[in-house]
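J.: Handing over model_30.txt, compact mmCIF, C-alpha atoms and all ligand atoms.
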# COMPACT_ATOMS: atom_id res chain seq x y z
CA MET A 194 142.01 78.55 77.95
CA ASN A 195 143.47 76.49 75.11
CA GLU A 196 140.30 75.88 73.17
CA ARG A 197 137.76 78.33 71.86
CA ALA A 198 134.92 78.82 74.29
CA TYR A 199 131.23 79.23 73.57
CA ASN A 200 130.80 82.98 73.47
CA PHE A 201 127.36 84.38 74.36
CA SER A 202 128.27 88.06 73.94
CA ALA A 203 125.50 90.39 72.74
CA GLY A 204 128.00 92.30 70.61
CA PRO A 205 130.65 92.51 69.43
CA ALA A 206 129.81 88.84 69.24
CA ALA A 207 131.18 85.47 68.18
CA ILE A 208 132.27 85.05 64.56
CA PRO A 209 132.25 81.60 62.93
CA LEU A 210 135.61 79.87 63.46
CA GLU A 211 135.93 79.06 59.73
CA VAL A 212 135.63 82.78 58.96
CA LEU A 213 138.34 83.72 61.45
CA GLN A 214 140.60 80.96 60.18
CA GLN A 215 140.22 82.04 56.56
CA ALA A 216 140.89 85.65 57.52
CA ALA A 217 143.99 84.53 59.45
CA ALA A 218 145.27 82.48 56.52
CA GLU A 219 144.80 85.45 54.17
CA MET A 220 145.96 88.13 56.62
CA THR A 221 149.33 88.91 55.06
CA ASN A 222 148.73 87.85 51.46
CA TRP A 223 145.22 87.82 50.05
CA GLN A 224 144.82 85.26 47.27
CA GLY A 225 148.32 85.71 45.87
CA SER A 226 148.02 89.49 45.59
CA GLY A 227 151.11 89.96 47.79
CA MET A 228 149.23 92.15 50.27
CA GLY A 229 146.68 91.92 53.02
CA VAL A 230 143.12 93.23 52.57
CA MET A 231 143.73 96.05 55.09
CA GLU A 232 146.55 97.35 52.91
CA MET A 233 144.67 97.52 49.61
CA SER A 234 143.38 100.60 47.86
CA HIS A 235 139.62 100.61 48.15
CA ARG A 236 139.48 101.45 44.44
CA GLY A 237 141.88 98.74 43.26
CA LYS A 238 140.67 95.69 41.37
CA GLU A 239 141.30 93.31 44.31
CA PHE A 240 139.16 95.19 46.80
CA THR A 241 136.56 96.02 44.16
CA ALA A 242 136.09 92.28 43.65
CA ILE A 243 135.69 91.71 47.42
CA HIS A 244 133.22 94.58 47.71
CA THR A 245 131.11 93.60 44.70
CA GLN A 246 130.90 89.99 45.83
CA ALA A 247 129.95 90.93 49.40
CA GLN A 248 127.19 93.20 48.15
CA ALA A 249 125.84 90.59 45.73
CA ASP A 250 125.92 87.90 48.43
CA ALA A 251 124.12 90.15 50.94
CA ARG A 252 121.43 90.85 48.34
CA ALA A 253 121.01 87.18 47.45
CA LEU A 254 121.03 85.95 51.08
CA LEU A 255 118.44 88.50 52.21
CA GLY A 256 116.41 88.37 48.99
CA VAL A 257 116.67 92.14 48.58
CA PRO A 258 114.62 93.34 45.57
CA GLU A 259 116.28 95.36 42.79
CA ASN A 260 114.52 98.61 43.78
CA PHE A 261 116.49 98.70 47.03
CA HIS A 262 120.08 99.91 47.40
CA ILE A 263 122.50 98.04 49.64
CA LEU A 264 124.87 100.51 51.30
CA PHE A 265 127.96 99.74 53.35
CA MET A 266 128.33 102.67 55.73
CA GLN A 267 129.94 103.61 59.06
CA GLY A 268 128.52 105.00 62.29
CA GLY A 269 126.71 101.91 63.58
CA GLY A 270 123.12 101.63 64.71
CA ILE A 271 123.48 104.69 66.90
CA GLY A 272 124.79 106.68 63.95
CA GLU A 273 121.74 105.59 61.95
CA ASN A 274 119.50 106.98 64.70
CA ALA A 275 120.62 110.39 63.39
CA ILE A 276 121.29 109.48 59.75
CA VAL A 277 117.77 108.12 59.16
CA PRO A 278 115.92 111.29 60.27
CA MET A 279 118.48 113.46 58.45
CA ASN A 280 117.64 111.56 55.24
CA LEU A 281 113.95 110.77 55.53
CA SER A 282 112.23 113.22 57.88
CA ARG A 283 112.53 116.45 55.81
CA GLY A 284 112.54 118.08 59.25
CA GLU A 285 108.91 117.09 59.72
CA SER A 286 107.49 114.31 61.91
CA ALA A 287 108.14 110.59 62.26
CA ASP A 288 106.40 107.86 64.28
CA PHE A 289 108.24 105.61 66.74
CA VAL A 290 107.20 102.37 68.33
CA VAL A 291 109.08 102.12 71.62
CA THR A 292 109.67 98.51 72.64
CA GLY A 293 112.93 98.64 74.59
CA ALA A 294 116.24 100.39 75.14
CA TRP A 295 117.18 100.66 71.48
CA SER A 296 113.98 102.21 70.15
CA GLU A 297 114.01 104.53 73.18
CA LYS A 298 117.44 105.76 72.08
CA SER A 299 116.24 106.16 68.49
CA VAL A 300 113.33 108.43 69.39
CA LYS A 301 115.57 110.64 71.57
CA GLU A 302 118.18 111.08 68.86
CA ALA A 303 115.59 111.75 66.16
CA ALA A 304 114.26 114.70 68.18
CA LYS A 305 117.41 116.62 67.14
CA TYR A 306 116.31 116.49 63.49
CA CYS A 307 112.54 116.12 63.40
CA SER A 308 109.40 115.94 65.53
CA PRO A 309 109.10 112.38 66.78
CA ASN A 310 105.74 110.98 67.84
CA THR A 311 105.60 107.92 70.09
CA ALA A 312 102.92 105.88 68.33
CA ALA A 313 103.03 103.04 70.85
CA SER A 314 105.12 101.89 73.78
CA SER A 315 105.44 98.72 75.82
CA GLU A 316 107.19 100.50 78.68
CA ASN A 317 104.27 99.70 81.01
CA SER A 318 105.10 96.01 80.76
CA GLY A 319 108.79 96.70 81.45
CA PHE A 320 109.37 95.99 77.74
CA THR A 321 108.37 92.35 78.05
CA THR A 322 105.55 92.54 75.47
CA LEU A 323 105.00 94.15 72.06
CA PRO A 324 102.13 96.54 71.35
CA GLU A 325 99.64 95.18 68.78
CA PRO A 326 100.12 97.09 65.49
CA SER A 327 96.33 97.70 65.30
CA SER A 328 96.68 99.79 68.51
CA TRP A 329 99.46 102.05 67.18
CA ARG A 330 98.54 105.72 66.98
CA LEU A 331 100.13 106.39 63.59
CA SER A 332 100.05 110.03 62.55
CA ALA A 333 98.98 111.24 59.14
CA GLY A 334 101.98 113.41 58.27
CA ALA A 335 104.76 111.13 59.52
CA ARG A 336 107.60 110.65 57.02
CA TYR A 337 108.43 107.18 58.38
CA VAL A 338 107.58 104.71 61.14
CA HIS A 339 110.55 103.45 63.15
CA VAL A 340 110.50 99.98 64.71
CA CYS A 341 113.36 98.06 66.34
CA THR A 342 112.56 94.53 65.22
CA ASN A 343 114.81 92.83 67.77
CA GLU A 344 115.44 94.58 71.07
CA THR A 345 118.87 93.23 71.96
CA ILE A 346 118.78 94.29 75.62
CA HIS A 347 115.19 93.35 76.54
CA GLY A 348 115.09 90.22 74.37
CA VAL A 349 111.88 91.05 72.49
CA GLU A 350 111.49 90.31 68.79
CA PHE A 351 108.85 90.97 66.15
CA HIS A 352 108.18 87.54 64.64
CA SER A 353 106.36 89.13 61.75
CA LEU A 354 106.87 92.64 60.49
CA PRO A 355 103.96 95.04 60.91
CA ASP A 356 102.04 95.48 57.66
CA LEU A 357 101.45 99.23 57.64
CA LYS A 358 99.53 99.11 54.34
CA ALA A 359 97.08 96.66 55.89
CA LEU A 360 96.58 99.25 58.66
CA GLY A 361 95.66 101.78 56.01
CA CYS A 362 98.96 103.62 56.34
CA ASP A 363 101.24 104.44 53.40
CA THR A 364 104.17 105.62 55.50
CA PRO A 365 107.48 103.81 54.90
CA LEU A 366 108.57 101.42 57.64
CA VAL A 367 112.13 101.81 58.95
CA ILE A 368 113.51 98.82 60.84
CA ASP A 369 116.54 98.58 63.08
CA PHE A 370 117.47 94.95 62.48
CA SER A 371 120.98 95.21 63.95
CA SER A 372 120.74 92.17 66.19
CA HIS A 373 118.80 89.71 64.04
CA VAL A 374 119.84 90.52 60.50
CA PHE A 375 120.64 87.30 58.54
CA SER A 376 118.98 85.20 61.27
CA ARG A 377 115.63 85.10 59.47
CA SER A 378 114.01 86.22 56.23
CA VAL A 379 112.74 89.78 55.71
CA ASP A 380 109.40 90.71 54.06
CA TRP A 381 110.79 93.51 51.91
CA HIS A 382 107.36 94.52 50.62
CA LYS A 383 106.63 95.82 54.14
CA VAL A 384 109.92 97.74 54.49
CA GLY A 385 111.20 101.10 53.26
CA LEU A 386 114.58 101.07 54.97
CA ALA A 387 116.49 98.64 57.18
CA PHE A 388 119.74 99.26 59.03
CA GLY A 389 122.04 97.26 61.22
CA GLY A 390 125.50 97.38 62.72
CA ALA A 391 127.73 94.45 61.77
CA GLN A 392 128.98 93.39 65.17
CA LYS A 393 126.07 91.16 66.17
CA ASN A 394 125.55 88.81 63.27
CA ILE A 395 127.78 89.92 60.39
CA GLY A 396 131.39 90.49 61.50
CA PRO A 397 133.57 92.97 63.34
CA ALA A 398 132.25 96.35 64.53
CA GLY A 399 132.72 99.30 62.18
CA LEU A 400 130.52 98.38 59.23
CA THR A 401 126.86 99.39 59.01
CA LEU A 402 124.50 97.75 56.56
CA VAL A 403 121.73 99.95 55.14
CA VAL A 404 119.08 98.67 52.73
CA VAL A 405 116.99 101.51 51.36
CA ARG A 406 114.19 101.67 48.79
CA ASP A 407 115.03 103.79 45.79
CA ASP A 408 112.07 106.17 46.07
CA LEU A 409 113.13 107.30 49.57
CA LEU A 410 116.36 108.90 48.35
CA GLY A 411 116.79 112.56 47.51
CA HIS A 412 115.38 114.28 50.58
CA ALA A 413 118.35 114.68 52.94
CA LEU A 414 118.44 117.77 55.14
CA LYS A 415 121.01 120.42 54.11
CA ILE A 416 122.93 119.78 57.33
CA CYS A 417 123.35 116.08 56.53
CA PRO A 418 127.06 115.25 56.06
CA SER A 419 127.72 114.08 52.49
CA ALA A 420 129.21 110.82 53.77
CA PHE A 421 125.87 110.11 55.50
CA ASP A 422 123.58 111.19 52.67
CA TYR A 423 122.11 107.94 51.31
CA THR A 424 121.74 109.47 47.85
CA VAL A 425 125.44 110.36 47.71
CA VAL A 426 126.50 107.01 49.16
CA ALA A 427 124.26 105.09 46.72
CA LYS A 428 125.45 107.14 43.74
CA HIS A 429 129.05 106.30 44.56
CA GLY A 430 128.40 102.61 45.22
CA SER A 431 129.34 103.01 48.92
CA MET A 432 132.69 104.48 47.80
CA TYR A 433 132.09 108.19 48.34
CA ASN A 434 134.49 108.03 51.25
CA THR A 435 136.84 105.17 52.10
CA PRO A 436 134.54 102.41 53.32
CA PRO A 437 135.49 100.12 56.24
CA THR A 438 137.37 97.80 53.90
CA TYR A 439 138.38 95.11 56.36
CA GLY A 440 134.88 95.01 57.84
CA ILE A 441 133.42 94.54 54.36
CA TYR A 442 135.90 91.75 53.66
CA MET A 443 135.00 89.99 56.93
CA ALA A 444 131.28 90.44 56.22
CA GLY A 445 131.90 88.88 52.81
CA LEU A 446 133.55 85.85 54.43
CA THR A 447 130.54 85.52 56.77
CA PHE A 448 128.19 85.71 53.77
CA GLN A 449 130.12 82.89 52.07
CA TRP A 450 129.90 80.88 55.29
CA LEU A 451 126.14 81.53 55.42
CA LYS A 452 125.78 80.26 51.87
CA ARG A 453 127.69 77.08 52.78
CA GLN A 454 125.30 76.56 55.70
CA GLY A 455 122.32 76.63 53.34
CA GLY A 456 121.49 80.33 53.51
CA VAL A 457 119.20 82.34 55.74
CA ALA A 458 116.33 79.82 55.59
CA ALA A 459 118.58 77.06 56.97
CA LEU A 460 119.95 79.37 59.68
CA GLU A 461 116.42 80.42 60.61
CA GLN A 462 115.48 76.78 61.25
CA ARG A 463 118.58 76.32 63.41
CA ASN A 464 117.86 79.52 65.29
CA ILE A 465 114.30 78.37 66.00
CA ALA A 466 115.62 75.06 67.35
CA LYS A 467 118.27 76.78 69.52
CA ALA A 468 115.79 79.23 70.99
CA GLN A 469 113.19 76.52 71.66
CA LEU A 470 115.77 74.42 73.47
CA LEU A 471 116.85 77.25 75.74
CA TYR A 472 113.41 78.73 76.48
CA SER A 473 111.86 75.35 77.23
CA PHE A 474 114.68 74.64 79.67
CA LEU A 475 114.17 78.04 81.34
CA ASP A 476 110.41 77.49 81.58
CA SER A 477 110.83 74.03 83.11
CA SER A 478 113.31 75.19 85.75
CA ALA A 479 112.59 76.34 89.28
CA LEU A 480 115.80 78.37 89.52
CA TYR A 481 115.82 80.29 86.22
CA THR A 482 113.23 82.64 84.79
CA ASN A 483 112.70 84.68 81.61
CA PRO A 484 110.27 87.59 81.87
CA VAL A 485 109.35 88.06 78.19
CA ALA A 486 105.88 87.17 76.83
CA HIS A 487 106.05 83.90 74.89
CA ASP A 488 104.88 85.30 71.56
CA CYS A 489 107.66 87.89 71.30
CA ARG A 490 110.68 86.17 72.83
CA SER A 491 113.82 86.88 70.86
CA ARG A 492 115.53 84.00 69.08
CA MET A 493 118.80 85.88 69.33
CA ASN A 494 119.01 87.44 72.80
CA VAL A 495 117.73 85.51 75.78
CA PRO A 496 117.78 87.47 79.03
CA PHE A 497 117.22 85.36 82.14
CA PHE A 498 117.45 85.62 85.90
CA LEU A 499 118.43 83.27 88.69
CA ARG A 500 116.05 83.31 91.63
CA GLY A 501 117.00 83.82 95.23
CA ASP A 502 115.81 81.46 97.98
CA ASP A 503 112.73 83.69 98.34
CA GLY A 504 111.85 83.07 94.68
CA GLN A 505 112.62 86.65 93.61
CA ALA A 506 114.69 87.29 90.49
CA LEU A 507 118.27 88.30 91.33
CA ILE A 508 119.09 91.45 89.38
CA ASP A 509 122.51 92.50 90.63
CA ALA A 510 125.41 90.71 88.89
CA GLU A 511 127.55 91.10 92.04
CA GLN A 512 125.01 89.21 94.13
CA PRO A 513 126.77 85.99 95.37
CA ARG A 514 124.62 83.45 93.50
CA ASN A 515 124.93 85.44 90.27
CA ALA A 516 128.67 85.88 90.77
CA ALA A 517 129.08 82.13 91.39
CA PHE A 518 127.02 81.36 88.27
CA LEU A 519 129.17 83.61 86.08
CA ALA A 520 132.46 82.35 87.51
CA GLY A 521 131.41 78.71 87.06
CA ALA A 522 130.22 79.41 83.52
CA LYS A 523 133.54 80.98 82.61
CA ALA A 524 135.43 77.99 84.05
CA ALA A 525 133.19 75.74 81.92
CA GLY A 526 134.08 77.70 78.76
CA LEU A 527 130.79 79.66 78.55
CA LEU A 528 131.66 83.32 78.18
CA GLN A 529 130.04 86.77 78.43
CA LEU A 530 126.72 85.72 79.97
CA LYS A 531 126.34 88.77 82.20
CA GLY A 532 123.16 90.69 81.43
CA HIS A 533 123.07 94.29 80.25
CA LYS A 534 123.52 96.66 83.17
CA SER A 535 120.12 98.29 82.63
CA VAL A 536 118.27 94.96 83.01
CA GLY A 537 120.64 92.95 85.22
CA GLY A 538 120.72 89.18 85.57
CA MET A 539 122.04 87.15 82.65
CA ARG A 540 121.72 87.20 78.89
CA ALA A 541 122.64 84.49 76.40
CA SER A 542 123.01 85.85 72.88
CA ILE A 543 122.75 82.97 70.43
CA TYR A 544 123.41 84.49 67.03
CA ASN A 545 124.07 82.56 63.82
CA ALA A 546 127.63 81.69 64.86
CA MET A 547 126.42 79.86 68.01
CA PRO A 548 125.96 76.16 67.27
CA ILE A 549 123.19 74.20 69.01
CA GLU A 550 125.97 72.34 70.87
CA GLY A 551 126.83 75.63 72.57
CA VAL A 552 123.24 76.09 73.71
CA GLN A 553 123.19 72.51 74.98
CA ALA A 554 126.47 73.07 76.85
CA LEU A 555 124.94 76.13 78.50
CA ILE A 556 121.84 74.17 79.53
CA ASP A 557 123.98 71.31 80.90
CA TYR A 558 125.96 73.81 82.96
CA MET A 559 122.79 75.54 84.18
CA ARG A 560 121.25 72.21 85.22
CA ASP A 561 124.39 71.24 87.15
CA PHE A 562 124.54 74.65 88.79
CA GLU A 563 120.91 74.32 89.87
CA LYS A 564 121.71 71.01 91.62
CA THR A 565 124.70 72.32 93.54
CA LYS A 566 123.82 76.00 93.77
CA ALA A 567 125.42 78.21 96.34
C1 LIG B 601 123.90 97.10 69.08
C2 LIG B 601 122.69 97.79 68.60
C3 LIG B 601 122.70 99.13 68.20
C4 LIG B 601 123.90 100.05 68.34
O1 LIG B 601 124.92 99.79 67.55
P1 LIG B 601 126.25 100.70 67.63
O2 LIG B 601 127.11 100.00 66.67
O3 LIG B 601 126.76 100.67 69.03
O4 LIG B 601 125.90 102.05 67.18
C5 LIG B 601 121.53 99.70 67.72
N1 LIG B 601 120.39 98.98 67.65
C6 LIG B 601 120.34 97.69 68.08
C7 LIG B 601 119.05 96.96 67.99
C8 LIG B 601 121.48 97.07 68.55
O5 LIG B 601 121.42 95.79 68.96
Just dump the structure as C-alpha cells.
Ligand SMILES: *Cc1c(COP(=O)(O)O)cnc(C)c1O
T.:
Amino acid sequence: MNERAYNFSAGPAAIPLEVLQQAAAEMTNWQGSGMGVMEMSHRGKEFTAIHTQAQADARALLGVPENFHILFMQGGGIGENAIVPMNLSRGESADFVVTGAWSEKSVKEAAKYCSPNTAASSENSGFTTLPEPSSWRLSAGARYVHVCTNETIHGVEFHSLPDLKALGCDTPLVIDFSSHVFSRSVDWHKVGLAFGGAQKNIGPAGLTLVVVRDDLLGHALKICPSAFDYTVVAKHGSMYNTPPTYGIYMAGLTFQWLKRQGGVAALEQRNIAKAQLLYSFLDSSALYTNPVAHDCRSRMNVPFFLRGDDGQALIDAEQPRNAAFLAGAKAAGLLQLKGHKSVGGMRASIYNAMPIEGVQALIDYMRDFEKTKA
C-alpha cells in the first residue's frame, strides 16, 4: 500500500497525518535544539515548554475550569480503574453504572479497593441501551459515581452527562471518557473527575489524561503508590516521576491540530455529521444492521453486523461473508474494521482524525459489497 489508508481502528487509532508529519520532521532535531524530544530531560527548558503548552491547550480546548487539575499520568484507562478508587473511595463504597464492557471492568477492579455498588445496568438489553439516570439506585454513602460515557466496544454513548445534583445526589461523578475525549464538549459542573487513555483520540498509547476537581484530592489510601496519588502528581505538576514525554509531545501536536480545525466545537459538528452519515446508511440497508438504540448511539464507535441469507446477524469474523467483507475492505484501503471479539461483527471507529471522506469511502465500499455480496 503506497498511500495512507482510512484506518477505523478502535485504538490505538489513527492520528492526523499533519501531526505525524510534524513529528517526523522534528524527530531528530526539535526546533533547532539539536536533539529529539525523546532524548530531552523532562526537567529541561525545552521539554518544560512542550509540557506547559500541552497542558494549557488541553485546558483551553476542553474548557476546564481553574478549580480542576490536569494531570498527565501513565497506566491507561485500566490503570485508572484502580487509581480512582485508591484516591477517592477511602476504602468505603462507590456506585457504578454498568453500560458495557468497560464499566463492567471498572466495577470488578474497584472491588479490590472499596465496596462497589451497581446502581444500574443495561446488561439486560445486551448493552444496547442506557439506563435512565432517574432509575439509578444511588447509595447514600458512596464516595463517587462511576460512569463510562462512551462504551468503545458496545458503541453506546451518553449524549448528555447525568446531572447528579438534579437527582438530589451530592456525590462526585467520575467519567471514563477515554474514547470520546476531545470529540465533544464536557459539562464540567456535573463532573468531579474525568480520565482517559490517549490512544483513541489524543495520540500514541502510554499517556493518560486525568482532570480532577481540587476538593477531591487528599484522600488516597495508604497503599496507593506515590506515582498514582493524584495529590502528589498534582503537587509536582505531573513531574513527580518521569512522565511519558514523547506521548505528551504528540498530544500537544494533536491539540495544536485541533485548534487549527476550529477547536472541539468544530470537531463536534463534524463528528455529528460523520455519525449521521454512517448510521443513516446502516438503517437504510437490508444487509447491514446496528443494534444500538437510536438515542445512545456512539458518534465515535459504530459496531455493525452483516446479515446472512436468513436475515440473522453474522457474529463470527471467520464466517465467509464477514471474511470476504474484511478482505475487500482492506484491498479498498479501509483498515481495522473487525469488531471486538466479545461482540463480533464489524466496528468502524470514527474518531476526530477520521475525515468525512473516509466515512463516505466506507459507505461506498459497503454499498458495492452489498450489490455483489458473496
Ligand atoms: C480503551 C479504553 C480503556 C482502556 O485503556 P487502556 O489504555 O488499555 O488501559 C478504558 N476505558 C475505555 C472506555 C476505553 O475505550
J.: Using only C-alpha atoms and all ligand atoms, what are the residues with an atom within 9 Å of ligand LIG 601 (chain B), set out as a compact mmCIF listing (two decimals) with C-alpha atoms, in the frame of the given file?
T.:
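Final file, result-v1.txt:
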# COMPACT_ATOMS: atom_id res chain seq x y z
CA ALA A 203 125.50 90.39 72.74
CA GLY A 204 128.00 92.30 70.61
CA PRO A 205 130.65 92.51 69.43
CA GLN A 267 129.94 103.61 59.06
CA GLY A 268 128.52 105.00 62.29
CA GLY A 269 126.71 101.91 63.58
CA GLY A 270 123.12 101.63 64.71
CA ILE A 271 123.48 104.69 66.90
CA GLY A 272 124.79 106.68 63.95
CA GLU A 273 121.74 105.59 61.95
CA ASN A 274 119.50 106.98 64.70
CA ALA A 294 116.24 100.39 75.14
CA TRP A 295 117.18 100.66 71.48
CA SER A 296 113.98 102.21 70.15
CA LYS A 298 117.44 105.76 72.08
CA SER A 299 116.24 106.16 68.49
CA CYS A 341 113.36 98.06 66.34
CA THR A 342 112.56 94.53 65.22
CA ASN A 343 114.81 92.83 67.77
CA GLU A 344 115.44 94.58 71.07
CA THR A 345 118.87 93.23 71.96
CA ILE A 346 118.78 94.29 75.62
CA ASP A 369 116.54 98.58 63.08
CA PHE A 370 117.47 94.95 62.48
CA SER A 371 120.98 95.21 63.95
CA SER A 372 120.74 92.17 66.19
CA HIS A 373 118.80 89.71 64.04
CA PHE A 388 119.74 99.26 59.03
CA GLY A 389 122.04 97.26 61.22
CA GLY A 390 125.50 97.38 62.72
CA ALA A 391 127.73 94.45 61.77
CA GLN A 392 128.98 93.39 65.17
CA LYS A 393 126.07 91.16 66.17
CA ALA A 398 132.25 96.35 64.53
CA GLY A 399 132.72 99.30 62.18
CA LEU A 400 130.52 98.38 59.23
CA THR A 401 126.86 99.39 59.01
J.: Excluding A:Tyr558 and any residue of its chain fewer than 4 positions from it, enumerate the residues within 9 Å of it, using only C-alpha atoms, and give them as number ranges by chain.
T.: A: 521-522, 525, 527, 553-554, 562-563
J.: I'd like to know which of A:Asp422, A:Glu196, A:Asp408, A:Asp380 is closest to A:His352, using all atoms listed in the file.
T.: A:Asp380
J.: What does the distance between atom CA of A:Ser473 and atom CA of A:Arg492 come to in Å, to one decimal place?
T.: 12.4 Å
J.: Restricting the calculation to only C-alpha atoms, which member of A:Lys564, A:Gly455, A:Thr447, A:Glu511 is positioned closest to A:Leu480?
T.: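 Smallest distance to A:Leu480 is found for A:Lys564.
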J.: A:Val230, A:Ala216, A:Ala541, A:Met493: which is nearest A:Asn464, counting only C-alpha atoms?
T.: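 Going through A:Val230, A:Ala216, A:Ala541, A:Met493 one by one, the smallest distance to A:Asn464 is for A:Met493.
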J.: Compare A:Lys531, A:Asn434, A:Phe518, A:Pro548 by their minimum atom-to-atom distance to A:Asp561, counting all atoms listed in the file, and give me the closest one.
T.: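 Smallest separation from A:Asp561 among the options: A:Phe518.
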J.: Restricting the calculation to all atoms listed in the file: of A:Gly537, A:Pro484, A:Gly284, A:Pro365, which residue gets closest to A:Lys415?
T.: A:Gly284
J.: Would you compute the distance between atom CA of A:Arg490 and atom CA of A:Ala468? Give it in Å to one decimal.
T.: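 Here the two named atoms are 8.8 Å from each other.
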